[in-house]
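Okay, coords_23.json is below, JSON, C-alpha atoms:
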[["chain", "number", "residue", "atom", "x", "y", "z"],
["F", 966, "MET", "CA", 0.09, 4.67, 9.66],
["F", 967, "LYS", "CA", -1.71, 2.53, 7.09],
["F", 968, "LYS", "CA", -0.45, -0.82, 5.81],
["F", 969, "GLY", "CA", -0.59, -2.28, 2.32],
["F", 970, "THR", "CA", -0.28, -5.91, 1.29],
["F", 971, "ILE", "CA", 2.74, -6.20, -0.99],
["F", 972, "ILE", "CA", 4.03, -9.24, -2.87],
["F", 973, "ASN", "CA", 7.25, -7.71, -4.16],
["F", 974, "ILE", "CA", 9.27, -4.51, -4.41],
["F", 975, "GLN", "CA", 11.19, -4.94, -7.64],
["F", 976, "LYS", "CA", 14.36, -2.94, -8.10],
["F", 977, "TYR", "CA", 15.91, -1.78, -11.37],
["F", 978, "SER", "CA", 12.68, -2.11, -13.34],
["F", 979, "VAL", "CA", 12.85, -0.66, -16.87],
["F", 980, "HIS", "CA", 9.45, -1.59, -18.32],
["F", 981, "ASP", "CA", 7.09, 0.14, -15.89],
["F", 982, "GLY", "CA", 7.57, 3.75, -16.87],
["F", 983, "PRO", "CA", 10.50, 6.01, -17.82],
["F", 984, "GLY", "CA", 14.03, 5.44, -16.60],
["F", 985, "ILE", "CA", 15.14, 3.06, -13.87],
["F", 986, "ARG", "CA", 12.32, 2.42, -11.44],
["F", 987, "THR", "CA", 11.30, 0.61, -8.30],
["F", 988, "THR", "CA", 8.00, -1.19, -8.86],
["F", 989, "VAL", "CA", 5.78, -1.91, -5.87],
["F", 990, "PHE", "CA", 3.46, -4.87, -6.57],
["F", 991, "PHE", "CA", 0.29, -4.79, -4.47],
["F", 992, "LYS", "CA", -1.82, -7.84, -3.70],
["F", 993, "GLY", "CA", -5.48, -7.93, -4.67],
["F", 994, "CYS", "CA", -7.35, -7.35, -7.93],
["F", 995, "PRO", "CA", -11.07, -7.00, -8.74],
["F", 996, "LEU", "CA", -10.52, -8.53, -12.19],
["F", 997, "ASN", "CA", -9.90, -12.08, -13.34],
["F", 998, "CYS", "CA", -8.14, -11.85, -16.70],
["F", 999, "TRP", "CA", -7.75, -15.23, -18.37],
["F", 1000, "TRP", "CA", -4.13, -14.43, -19.30],
["F", 1001, "CYS", "CA", -3.03, -12.88, -16.00],
["F", 1002, "HIS", "CA", 0.67, -13.61, -15.53],
["F", 1003, "ASN", "CA", 0.67, -12.64, -11.85],
["F", 1004, "PRO", "CA", -2.19, -14.76, -10.41],
["F", 1005, "GLU", "CA", -0.62, -14.49, -6.96],
["F", 1006, "THR", "CA", -1.75, -10.85, -6.96],
["F", 1007, "GLN", "CA", -5.44, -11.59, -7.56],
["F", 1008, "ASN", "CA", -6.41, -12.59, -4.03],
["F", 1009, "LYS", "CA", -6.02, -9.80, -1.49],
["F", 1010, "ARG", "CA", -5.29, -12.35, 1.25],
["F", 1011, "HIS", "CA", -1.87, -13.81, 1.86],
["F", 1012, "GLN", "CA", -1.34, -17.16, 0.13],
["F", 1013, "ILE", "CA", 1.05, -20.09, 0.03],
["F", 1014, "MET", "CA", 2.44, -21.27, -3.30],
["F", 1015, "PHE", "CA", 3.45, -24.94, -3.62],
["F", 1016, "PHE", "CA", 6.34, -25.86, -5.92],
["F", 1017, "LYS", "CA", 5.60, -29.54, -6.46],
["F", 1018, "GLU", "CA", 8.81, -30.16, -8.37],
["F", 1019, "ARG", "CA", 10.89, -29.11, -5.34],
["F", 1020, "CYS", "CA", 9.06, -31.25, -2.81],
["F", 1021, "LYS", "CA", 10.97, -34.34, -1.56],
["F", 1022, "GLY", "CA", 8.10, -35.66, 0.56],
["F", 1023, "CYS", "CA", 10.08, -35.34, 3.81],
["F", 1024, "GLY", "CA", 6.97, -34.49, 5.85],
["F", 1025, "ILE", "CA", 8.55, -31.66, 7.87],
["F", 1026, "CYS", "CA", 5.72, -29.32, 6.86],
["F", 1027, "ILE", "CA", 3.19, -31.78, 8.32],
["F", 1028, "LYS", "CA", 5.02, -31.88, 11.65],
["F", 1029, "ARG", "CA", 5.35, -28.09, 11.81],
["F", 1030, "CYS", "CA", 1.73, -27.25, 10.97],
["F", 1031, "PRO", "CA", -0.03, -26.30, 14.26],
["F", 1032, "GLU", "CA", -3.49, -26.77, 12.71],
["F", 1033, "ASN", "CA", -2.94, -30.28, 11.30],
["F", 1034, "ALA", "CA", -3.97, -28.80, 7.96],
["F", 1035, "ILE", "CA", -1.56, -30.82, 5.79],
["F", 1036, "LYS", "CA", -1.84, -34.43, 4.74],
["F", 1037, "ILE", "CA", -0.24, -36.64, 2.11],
["F", 1038, "ILE", "CA", -2.31, -37.10, -1.05],
["F", 1039, "ASP", "CA", -0.83, -39.05, -3.96],
["F", 1040, "GLY", "CA", 2.60, -38.77, -2.43],
["F", 1041, "TYR", "CA", 2.56, -35.01, -1.85],
["F", 1042, "PRO", "CA", 1.67, -32.87, 1.19],
["F", 1043, "ILE", "CA", -1.54, -30.99, 0.39],
["F", 1044, "ILE", "CA", -2.96, -28.14, 2.49],
["F", 1045, "ASP", "CA", -6.59, -28.13, 3.60],
["F", 1046, "ASN", "CA", -7.44, -24.46, 3.05],
["F", 1047, "ASN", "CA", -10.39, -24.72, 5.44],
["F", 1048, "LYS", "CA", -7.98, -25.43, 8.29],
["F", 1049, "CYS", "CA", -4.98, -23.37, 7.22],
["F", 1050, "THR", "CA", -4.47, -20.10, 9.13],
["F", 1051, "LEU", "CA", -1.60, -18.93, 6.88],
["F", 1052, "CYS", "CA", 0.87, -18.97, 9.76],
["F", 1053, "SER", "CA", 3.62, -19.72, 7.17],
["F", 1054, "LYS", "CA", 5.40, -22.36, 9.30],
["F", 1055, "CYS", "CA", 5.17, -24.93, 6.51],
["F", 1056, "ALA", "CA", 7.06, -22.52, 4.26],
["F", 1057, "ASP", "CA", 9.47, -21.33, 6.93],
["F", 1058, "PHE", "CA", 10.70, -24.81, 7.80],
["F", 1059, "CYS", "CA", 10.66, -26.46, 4.36],
["F", 1060, "PRO", "CA", 14.30, -27.45, 3.63],
["F", 1061, "ASN", "CA", 13.69, -27.46, -0.13],
["F", 1062, "ASP", "CA", 11.73, -24.18, -0.46],
["F", 1063, "ALA", "CA", 8.77, -26.11, -1.85],
["F", 1064, "ARG", "CA", 6.37, -23.61, -0.28],
["F", 1065, "GLU", "CA", 6.51, -19.85, -0.63],
["F", 1066, "TYR", "CA", 4.51, -17.40, 1.49],
["F", 1067, "VAL", "CA", 3.04, -14.68, -0.74],
["F", 1068, "GLY", "CA", 2.19, -11.31, 0.75],
["F", 1069, "LYS", "CA", 3.67, -9.01, 3.35],
["F", 1070, "ASP", "CA", 1.90, -6.20, 5.21],
["F", 1071, "LEU", "CA", 4.12, -3.11, 5.13],
["F", 1072, "THR", "CA", 3.64, 0.45, 6.31],
["F", 1073, "SER", "CA", 3.96, 3.33, 3.88],
["F", 1074, "LYS", "CA", 7.21, 4.30, 5.63],
["F", 1075, "GLU", "CA", 8.67, 0.82, 5.11],
["F", 1076, "VAL", "CA", 7.81, 0.92, 1.42],
["F", 1077, "MET", "CA", 9.13, 4.46, 0.99],
["F", 1078, "ASP", "CA", 12.37, 3.60, 2.79],
["F", 1079, "GLU", "CA", 12.90, 0.78, 0.30],
["F", 1080, "VAL", "CA", 12.04, 3.01, -2.65],
["F", 1081, "MET", "CA", 14.50, 5.70, -1.60],
["F", 1082, "LYS", "CA", 17.44, 3.30, -1.46],
["F", 1083, "ASP", "CA", 17.73, 3.75, -5.23],
["F", 1084, "GLU", "CA", 17.25, 7.51, -5.30],
["F", 1085, "MET", "CA", 20.48, 8.10, -7.22],
["F", 1086, "PHE", "CA", 19.30, 5.85, -10.07],
["F", 1087, "TYR", "CA", 16.10, 7.88, -10.41],
["F", 1088, "GLU", "CA", 18.04, 11.13, -10.65],
["F", 1089, "ASP", "CA", 20.43, 9.81, -13.31],
["F", 1090, "SER", "CA", 17.81, 8.08, -15.48],
["F", 1091, "GLY", "CA", 14.62, 10.08, -14.96],
["F", 1092, "GLY", "CA", 13.07, 7.12, -13.17],
["F", 1093, "GLY", "CA", 11.07, 6.80, -9.99],
["F", 1094, "VAL", "CA", 8.48, 4.58, -8.34],
["F", 1095, "THR", "CA", 5.70, 2.60, -10.04],
["F", 1096, "PHE", "CA", 2.67, 1.29, -8.17],
["F", 1097, "SER", "CA", 1.47, -1.94, -9.78],
["F", 1098, "GLY", "CA", -0.25, -5.18, -8.87],
["F", 1099, "GLY", "CA", -2.77, -6.68, -8.87],
["F", 1100, "GLU", "CA", -4.69, -3.45, -8.76],
["F", 1101, "PRO", "CA", -2.97, -0.73, -6.74],
["F", 1102, "MET", "CA", -6.19, 1.31, -6.58],
["F", 1103, "LEU", "CA", -7.49, -1.20, -4.03],
["F", 1104, "HIS", "CA", -4.87, 0.39, -1.75],
["F", 1105, "VAL", "CA", -5.60, 4.00, -2.64],
["F", 1106, "ASP", "CA", -5.44, 5.32, 0.96],
["F", 1107, "PHE", "CA", -2.07, 3.65, 1.43],
["F", 1108, "ILE", "CA", -0.74, 5.07, -1.85],
["F", 1109, "ASP", "CA", -2.12, 8.47, -0.87],
["F", 1110, "GLU", "CA", 0.27, 8.51, 2.10],
["F", 1111, "ILE", "CA", 3.29, 7.60, -0.05],
["F", 1112, "LEU", "CA", 2.53, 10.17, -2.75],
["F", 1113, "ASP", "CA", 2.92, 13.09, -0.37],
["F", 1114, "GLU", "CA", 6.46, 11.97, 0.43],
["F", 1115, "CYS", "CA", 7.20, 11.32, -3.25],
["F", 1116, "ARG", "CA", 6.24, 14.91, -4.01],
["F", 1117, "GLU", "CA", 8.37, 16.20, -1.17],
["F", 1118, "LYS", "CA", 11.41, 14.22, -2.39],
["F", 1119, "GLU", "CA", 10.69, 14.87, -6.09],
["F", 1120, "VAL", "CA", 10.33, 11.20, -7.00],
["F", 1121, "HIS", "CA", 8.54, 10.56, -10.31],
["F", 1122, "THR", "CA", 5.35, 8.52, -9.78],
["F", 1123, "THR", "CA", 3.66, 6.07, -12.13],
["F", 1124, "LEU", "CA", 0.42, 4.17, -11.54],
["F", 1125, "ASP", "CA", -0.11, 0.91, -13.44],
["F", 1126, "THR", "CA", -3.87, 0.34, -13.32],
["F", 1127, "SER", "CA", -6.73, -1.60, -14.88],
["F", 1128, "GLY", "CA", -8.91, 1.47, -14.35],
["F", 1129, "TYR", "CA", -11.48, -0.53, -12.42],
["F", 1130, "ALA", "CA", -11.96, 1.70, -9.38],
["F", 1131, "SER", "CA", -14.28, 4.53, -8.42],
["F", 1132, "TRP", "CA", -13.61, 7.94, -9.91],
["F", 1133, "GLU", "CA", -13.54, 9.27, -6.35],
["F", 1134, "SER", "CA", -10.49, 7.08, -5.72],
["F", 1135, "PHE", "CA", -8.72, 8.33, -8.84],
["F", 1136, "ASP", "CA", -9.66, 11.92, -8.01],
["F", 1137, "LYS", "CA", -8.05, 11.54, -4.59],
["F", 1138, "ILE", "CA", -4.55, 10.88, -5.96],
["F", 1139, "ARG", "CA", -4.47, 11.84, -9.65],
["F", 1140, "ASP", "CA", -2.86, 15.24, -9.06],
["F", 1141, "ARG", "CA", 0.25, 13.49, -7.69],
["F", 1142, "ILE", "CA", 0.57, 10.80, -10.37],
["F", 1143, "ASP", "CA", 3.04, 11.81, -13.09],
["F", 1144, "LEU", "CA", 2.17, 8.98, -15.48],
["F", 1145, "PHE", "CA", -0.71, 6.52, -15.81],
["F", 1146, "LEU", "CA", -0.08, 3.12, -17.37],
["F", 1147, "TYR", "CA", -3.68, 2.28, -18.19],
["F", 1148, "ASP", "CA", -4.96, -1.07, -19.47],
["F", 1149, "LEU", "CA", -7.30, -1.28, -22.45],
["F", 1150, "LYS", "CA", -8.13, -4.91, -23.04],
["F", 1151, "VAL", "CA", -11.43, -5.49, -24.86],
["F", 1152, "MET", "CA", -13.91, -2.94, -26.22],
["F", 1153, "ASP", "CA", -17.03, -5.13, -26.33],
["F", 1154, "LYS", "CA", -18.77, -5.04, -22.96],
["F", 1155, "GLU", "CA", -19.91, -8.68, -22.96],
["F", 1156, "LYS", "CA", -16.58, -10.06, -24.17],
["F", 1157, "HIS", "CA", -14.87, -7.97, -21.51],
["F", 1158, "LYS", "CA", -17.10, -9.51, -18.88],
["F", 1159, "LYS", "CA", -16.36, -13.03, -20.17],
["F", 1160, "TYR", "CA", -12.57, -12.77, -20.32],
["F", 1161, "ILE", "CA", -11.91, -10.25, -17.56],
["F", 1162, "GLY", "CA", -14.77, -10.84, -15.13],
["F", 1163, "VAL", "CA", -16.43, -7.39, -15.24],
["F", 1164, "ASP", "CA", -17.81, -5.17, -17.97],
["F", 1165, "ASN", "CA", -15.75, -2.19, -19.08],
["F", 1166, "THR", "CA", -18.14, 0.72, -18.44],
["F", 1167, "LEU", "CA", -16.27, 2.04, -15.40],
["F", 1168, "ILE", "CA", -12.86, 1.47, -16.99],
["F", 1169, "LEU", "CA", -13.69, 3.45, -20.14],
["F", 1170, "SER", "CA", -15.40, 6.20, -18.15],
["F", 1171, "ASN", "CA", -12.36, 6.73, -15.90],
["F", 1172, "LEU", "CA", -10.05, 6.74, -18.88],
["F", 1173, "LYS", "CA", -12.08, 9.45, -20.60],
["F", 1174, "LYS", "CA", -12.00, 11.58, -17.43],
["F", 1175, "LEU", "CA", -8.24, 11.22, -16.96],
["F", 1176, "SER", "CA", -7.75, 12.15, -20.61],
["F", 1177, "LYS", "CA", -10.07, 15.15, -20.31],
["F", 1178, "HIS", "CA", -8.09, 16.40, -17.31],
["F", 1179, "GLY", "CA", -4.89, 16.28, -19.36],
["F", 1180, "HIS", "CA", -3.01, 13.57, -17.49],
["F", 1181, "ASN", "CA", -0.03, 11.77, -18.99],
["F", 1182, "ILE", "CA", -1.30, 8.37, -20.15],
["F", 1183, "PHE", "CA", 0.32, 5.36, -21.75],
["F", 1184, "LEU", "CA", -2.30, 2.83, -22.83],
["F", 1185, "ARG", "CA", -1.36, -0.83, -22.56],
["F", 1186, "MET", "CA", -3.14, -3.28, -24.86],
["F", 1187, "PRO", "CA", -2.45, -6.99, -24.39],
["F", 1188, "ILE", "CA", -2.98, -8.83, -27.70],
["F", 1189, "VAL", "CA", -4.35, -12.33, -27.14],
["F", 1190, "VAL", "CA", -5.17, -14.51, -30.13],
["F", 1191, "GLY", "CA", -8.82, -15.54, -30.15],
["F", 1192, "VAL", "CA", -9.74, -13.01, -27.48],
["F", 1193, "ASN", "CA", -9.13, -9.46, -28.70],
["F", 1194, "ASP", "CA", -7.03, -9.69, -31.88],
["F", 1195, "ASP", "CA", -10.04, -9.59, -34.24],
["F", 1196, "ASP", "CA", -10.52, -6.70, -36.68],
["F", 1197, "LYS", "CA", -13.62, -5.36, -34.93],
["F", 1198, "ASN", "CA", -11.94, -5.02, -31.55],
["F", 1199, "ILE", "CA", -8.86, -3.44, -33.09],
["F", 1200, "ASP", "CA", -10.91, -0.99, -35.16],
["F", 1201, "ASP", "CA", -13.14, -0.12, -32.19],
["F", 1202, "SER", "CA", -10.04, 0.40, -30.03],
["F", 1203, "ILE", "CA", -8.45, 2.73, -32.57],
["F", 1204, "GLU", "CA", -11.67, 4.72, -32.92],
["F", 1205, "PHE", "CA", -11.95, 5.08, -29.14],
["F", 1206, "ILE", "CA", -8.29, 5.99, -28.61],
["F", 1207, "SER", "CA", -8.36, 8.55, -31.42],
["F", 1208, "LYS", "CA", -10.75, 10.65, -29.34],
["F", 1209, "LEU", "CA", -8.48, 10.63, -26.30],
["F", 1210, "ASN", "CA", -5.40, 12.54, -25.24],
["F", 1211, "VAL", "CA", -2.83, 9.76, -24.75],
["F", 1212, "LEU", "CA", 0.94, 9.89, -25.18],
["F", 1213, "GLN", "CA", 1.46, 6.36, -26.44],
["F", 1214, "VAL", "CA", -0.08, 2.94, -26.93],
["F", 1215, "ASN", "CA", 1.93, -0.14, -25.97],
["F", 1216, "LEU", "CA", 0.87, -3.32, -27.79],
["F", 1217, "LEU", "CA", 1.77, -6.25, -25.55],
["F", 1218, "PRO", "CA", 1.84, -9.70, -27.21],
["F", 1219, "TYR", "CA", 0.43, -12.43, -24.98],
["F", 1220, "HIS", "CA", 2.92, -14.70, -23.22],
["F", 1221, "LYS", "CA", 2.41, -17.73, -21.00],
["F", 1222, "MET", "CA", 5.15, -17.07, -18.45],
["F", 1223, "GLY", "CA", 2.69, -17.09, -15.55],
["F", 1224, "MET", "CA", 1.07, -20.38, -16.53],
["F", 1225, "GLU", "CA", 2.95, -22.53, -13.98],
["F", 1226, "LYS", "CA", 1.96, -20.23, -11.14],
["F", 1227, "TYR", "CA", -1.66, -21.34, -11.47],
["F", 1228, "LYS", "CA", -0.70, -24.91, -10.60],
["F", 1229, "ARG", "CA", 1.28, -23.70, -7.60],
["F", 1230, "LEU", "CA", -1.79, -21.82, -6.35],
["F", 1231, "ASP", "CA", -4.25, -24.58, -7.28],
["F", 1232, "MET", "CA", -5.96, -22.24, -9.74],
["F", 1233, "GLU", "CA", -7.40, -22.91, -13.19],
["F", 1234, "TYR", "CA", -5.62, -21.47, -16.24],
["F", 1235, "LYS", "CA", -8.31, -20.96, -18.86],
["F", 1236, "LEU", "CA", -6.15, -20.47, -21.96],
["F", 1237, "THR", "CA", -4.12, -23.08, -23.86],
["F", 1238, "GLY", "CA", -0.83, -21.19, -23.82],
["F", 1239, "ASP", "CA", -0.82, -20.94, -27.62],
["F", 1240, "GLU", "CA", -2.47, -17.52, -27.87],
["F", 1241, "LYS", "CA", 0.69, -15.56, -28.71],
["F", 1242, "PRO", "CA", 0.32, -13.46, -31.90],
["F", 1243, "SER", "CA", 3.03, -13.66, -34.55],
["F", 1244, "ASP", "CA", 5.64, -10.93, -34.94],
["F", 1245, "GLU", "CA", 4.25, -10.30, -38.42],
["F", 1246, "TYR", "CA", 0.76, -9.68, -37.05],
["F", 1247, "MET", "CA", 2.06, -7.39, -34.31],
["F", 1248, "ASN", "CA", 3.91, -5.29, -36.89],
["F", 1249, "LYS", "CA", 0.76, -5.04, -38.99],
["F", 1250, "LEU", "CA", -1.16, -3.86, -35.93],
["F", 1251, "LYS", "CA", 1.50, -1.27, -35.22],
["F", 1252, "GLU", "CA", 1.23, 0.07, -38.76],
["F", 1253, "LYS", "CA", -2.56, 0.21, -38.46],
["F", 1254, "PHE", "CA", -2.39, 2.32, -35.30],
["F", 1255, "GLU", "CA", 0.23, 4.58, -36.84],
["F", 1256, "ARG", "CA", -1.93, 5.20, -39.90],
["F", 1257, "ALA", "CA", -4.58, 6.48, -37.50],
["F", 1258, "GLY", "CA", -2.05, 8.97, -36.11],
["F", 1259, "ILE", "CA", -1.46, 7.10, -32.85],
["F", 1260, "LYS", "CA", 2.03, 6.77, -31.42],
["F", 1261, "VAL", "CA", 2.57, 3.07, -30.75],
["F", 1262, "LYS", "CA", 5.23, 0.71, -29.48],
["F", 1263, "ILE", "CA", 5.35, -3.08, -29.38],
["F", 1264, "GLY", "CA", 6.14, -4.23, -25.86],
["F", 1265, "GLY", "CA", 7.18, -2.07, -22.93]]

Structure re-expressed in structure tokens:
Amino acid sequence: MKKGTIINIQKYSVHDGPGIRTTVFFKGCPLNCWWCHNPETQNKRHQIMFFKERCKGCGICIKRCPENAIKIIDGYPIIDNNKCTLCSKCADFCPNDAREYVGKDLTSKEVMDEVMKDEMFYEDSGGGVTFSGGEPMLHVDFIDEILDECREKEVHTTLDTSGYASWESFDKIRDRIDLFLYDLKVMDKEKHKKYIGVDNTLILSNLKKLSKHGHNIFLRMPIVVGVNDDDKNIDDSIEFISKLNVLQVNLLPYHKMGMEKYKRLDMEYKLTGDEKPSDEYMNKLKEKFERAGIKVKIGG
């Protein structure tokens, strides 16, 4: 039985597809979006997050570390990642929860057992399970195992994806995915490469194929001031979407809720945190999409 690296199984989720859902967040992503609000999902490896504000400098983590990978720097215990083996003892024994171990390897049965605990909520609300991340398509063989059981137990399935995976991977599971939540971030290839880390050729190609095959698709468009809110990108997006078969477009205004996580992971946050579009602008965008005959919703 295959294992997947999971950071969280979130119950009673209402923004990741229809009804009440259980969202499985996978670790690992091939992209590097500047505004990513779940940076702990980017690295496929397990990680340790450090909450500096909780640390009392007691030194217990130093004593518990079997690799002598922690030392005090400027009054705080800092991990030497070259020595750390991610044994998690520094997190396990911290009395103030200043360290958090991110990532757990679970079998498909363990995940499915957790999903099915809320079966009655799915039946009453039309909900189900959503595979998210990170990029769940990095775990396509693992998801493949779960989907068979979802079909058997009539659990609605949603895949929240960036689209950056081989078509062969999508083709392997697409017949058992009831709804795709598909990201459309930037239309210009070079800007996409700058702000997301890869160009968008594969992403757009997969989207066209899923649309051609008649799959249920909700497009998700994050709106980030100074990145993709310009008229050209919006117009190009509308032109592209108008040729597709999609059920809905969700316009998602940028937020900075994940900003603090970057510090905890010793990662660089490349935006200022002030890139949120105004409500007035979001409403104007909504009207523009609607004039083009596209069903649109702000948020979700």

Show me the residues close to (3.6, 3.8, -17.6) - anything with an atom within 6 Å, counting only C-alpha atoms - and format the list as a PyMOL selection string. chain F and resi 981-982+1123+1144-1146+1183

At most 12 Å from (-1.0, -27.7, 15.4), file frame, all atoms listed in the file: which residues, as a compact mmCIF listing (two decimals) with C-alpha atoms, in the coordinates of the input?
# COMPACT_ATOMS: atom_id res chain seq x y z
CA CYS F 1026 5.72 -29.32 6.86
CA ILE F 1027 3.19 -31.78 8.32
CA LYS F 1028 5.02 -31.88 11.65
CA ARG F 1029 5.35 -28.09 11.81
CA CYS F 1030 1.73 -27.25 10.97
CA PRO F 1031 -0.03 -26.30 14.26
CA GLU F 1032 -3.49 -26.77 12.71
CA ASN F 1033 -2.94 -30.28 11.30
CA ALA F 1034 -3.97 -28.80 7.96
CA ILE F 1035 -1.56 -30.82 5.79
CA LYS F 1048 -7.98 -25.43 8.29
CA CYS F 1049 -4.98 -23.37 7.22
CA THR F 1050 -4.47 -20.10 9.13
CA CYS F 1052 0.87 -18.97 9.76
CA LYS F 1054 5.40 -22.36 9.30
CA CYS F 1055 5.17 -24.93 6.51

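You can rank F:Met1102, F:Ile1038, F:Val1076, F:Val1261 by their closest distance to Thr988 in chain F using all atoms listed in the file, and at the top of that list sits F:Val1076.
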
Q.
Can you tell me which residues surround Ser1207 in chain F at a distance of at most 9 Å, considering only C-alpha atoms, apart from same-chain residues fewer than 6 positions away, and format the answer as a PyMOL selection string?
A. chain F and resi 1257-1259

Any idea what's packed within 9 Å of Arg1185 in chain F, counting all atoms listed in the file, ignoring anything in its chain fewer than 3 positions away? Could you give it as a PyMOL selection string? chain F and resi 1146-1150+1213-1217+1264-1265

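When all atoms listed in the file are used to compute distances to Glu1119 in chain F, the closest of the residues F:Asp1106, F:Asp1143, F:Asp1194, F:Glu1245 turns out to be F:Asp1143.
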
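Separating CA of Glu1255 in chain F from CA of Pro1242 in chain F is a distance of 18.7 Å.
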
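You can rank F:Arg986, F:Lys1017, F:Lys1137, F:Lys1036 by their closest distance to Phe1086 in chain F using all atoms listed in the file, and at the top of that list sits F:Arg986.
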
What's around Leu1230 in chain F at 12 Å? Count all atoms listed in the file, leave out sequence neighbours fewer than 2 positions away in its own chain, and write the answer as a PDB file with C-alpha atoms, keeping the file's coordinate frame.
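What ended up in selection.pdb:
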ATOM      1  CA  ASN F1003       0.670 -12.640 -11.850  1.00  0.00           C
ATOM      2  CA  PRO F1004      -2.190 -14.760 -10.410  1.00  0.00           C
ATOM      3  CA  GLU F1005      -0.620 -14.490  -6.960  1.00  0.00           C
ATOM      4  CA  THR F1006      -1.750 -10.850  -6.960  1.00  0.00           C
ATOM      5  CA  GLN F1007      -5.440 -11.590  -7.560  1.00  0.00           C
ATOM      6  CA  ASN F1008      -6.410 -12.590  -4.030  1.00  0.00           C
ATOM      7  CA  HIS F1011      -1.870 -13.810   1.860  1.00  0.00           C
ATOM      8  CA  GLN F1012      -1.340 -17.160   0.130  1.00  0.00           C
ATOM      9  CA  ILE F1013       1.050 -20.090   0.030  1.00  0.00           C
ATOM     10  CA  MET F1014       2.440 -21.270  -3.300  1.00  0.00           C
ATOM     11  CA  PHE F1015       3.450 -24.940  -3.620  1.00  0.00           C
ATOM     12  CA  PHE F1016       6.340 -25.860  -5.920  1.00  0.00           C
ATOM     13  CA  LYS F1017       5.600 -29.540  -6.460  1.00  0.00           C
ATOM     14  CA  ILE F1043      -1.540 -30.990   0.390  1.00  0.00           C
ATOM     15  CA  ILE F1044      -2.960 -28.140   2.490  1.00  0.00           C
ATOM     16  CA  ASN F1046      -7.440 -24.460   3.050  1.00  0.00           C
ATOM     17  CA  ARG F1064       6.370 -23.610  -0.280  1.00  0.00           C
ATOM     18  CA  GLU F1065       6.510 -19.850  -0.630  1.00  0.00           C
ATOM     19  CA  TYR F1066       4.510 -17.400   1.490  1.00  0.00           C
ATOM     20  CA  VAL F1067       3.040 -14.680  -0.740  1.00  0.00           C
ATOM     21  CA  GLY F1223       2.690 -17.090 -15.550  1.00  0.00           C
ATOM     22  CA  MET F1224       1.070 -20.380 -16.530  1.00  0.00           C
ATOM     23  CA  GLU F1225       2.950 -22.530 -13.980  1.00  0.00           C
ATOM     24  CA  LYS F1226       1.960 -20.230 -11.140  1.00  0.00           C
ATOM     25  CA  TYR F1227      -1.660 -21.340 -11.470  1.00  0.00           C
ATOM     26  CA  LYS F1228      -0.700 -24.910 -10.600  1.00  0.00           C
ATOM     27  CA  MET F1232      -5.960 -22.240  -9.740  1.00  0.00           C
ATOM     28  CA  GLU F1233      -7.400 -22.910 -13.190  1.00  0.00           C
ATOM     29  CA  TYR F1234      -5.620 -21.470 -16.240  1.00  0.00           C
TER      30      TYR F1234
END

I'd like the contact shell of Met966 in chain F - 12 Å cut-off, only C-alpha atoms, skipping same-chain residues fewer than 6 positions apart - returned as a ChimeraX atom specification. /F:1070-1076,1106-1111

Judged by only C-alpha atoms, the minimum distance to Lys1159 in chain F among F:Lys1082, F:Lys1241, F:Lys1174, F:Lys1235 is found for F:Lys1235

Discussion item. Neighbouring residues of Thr1166 in chain F were defined as those with any atom within 8 Å, considering all atoms listed in the file; residues of the same chain fewer than 3 positions away were excluded. Please report them as an MDAnalysis selection string.
Written reply: chainID F and resid 1154 1169:1170

Students should find that CA of Thr1237 in chain F and CA of Gly1162 in chain F are spaced 18.4 Å

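Between CA of Asp1083 in chain F and CA of Thr987 in chain F there is a distance of 7.8 Å.
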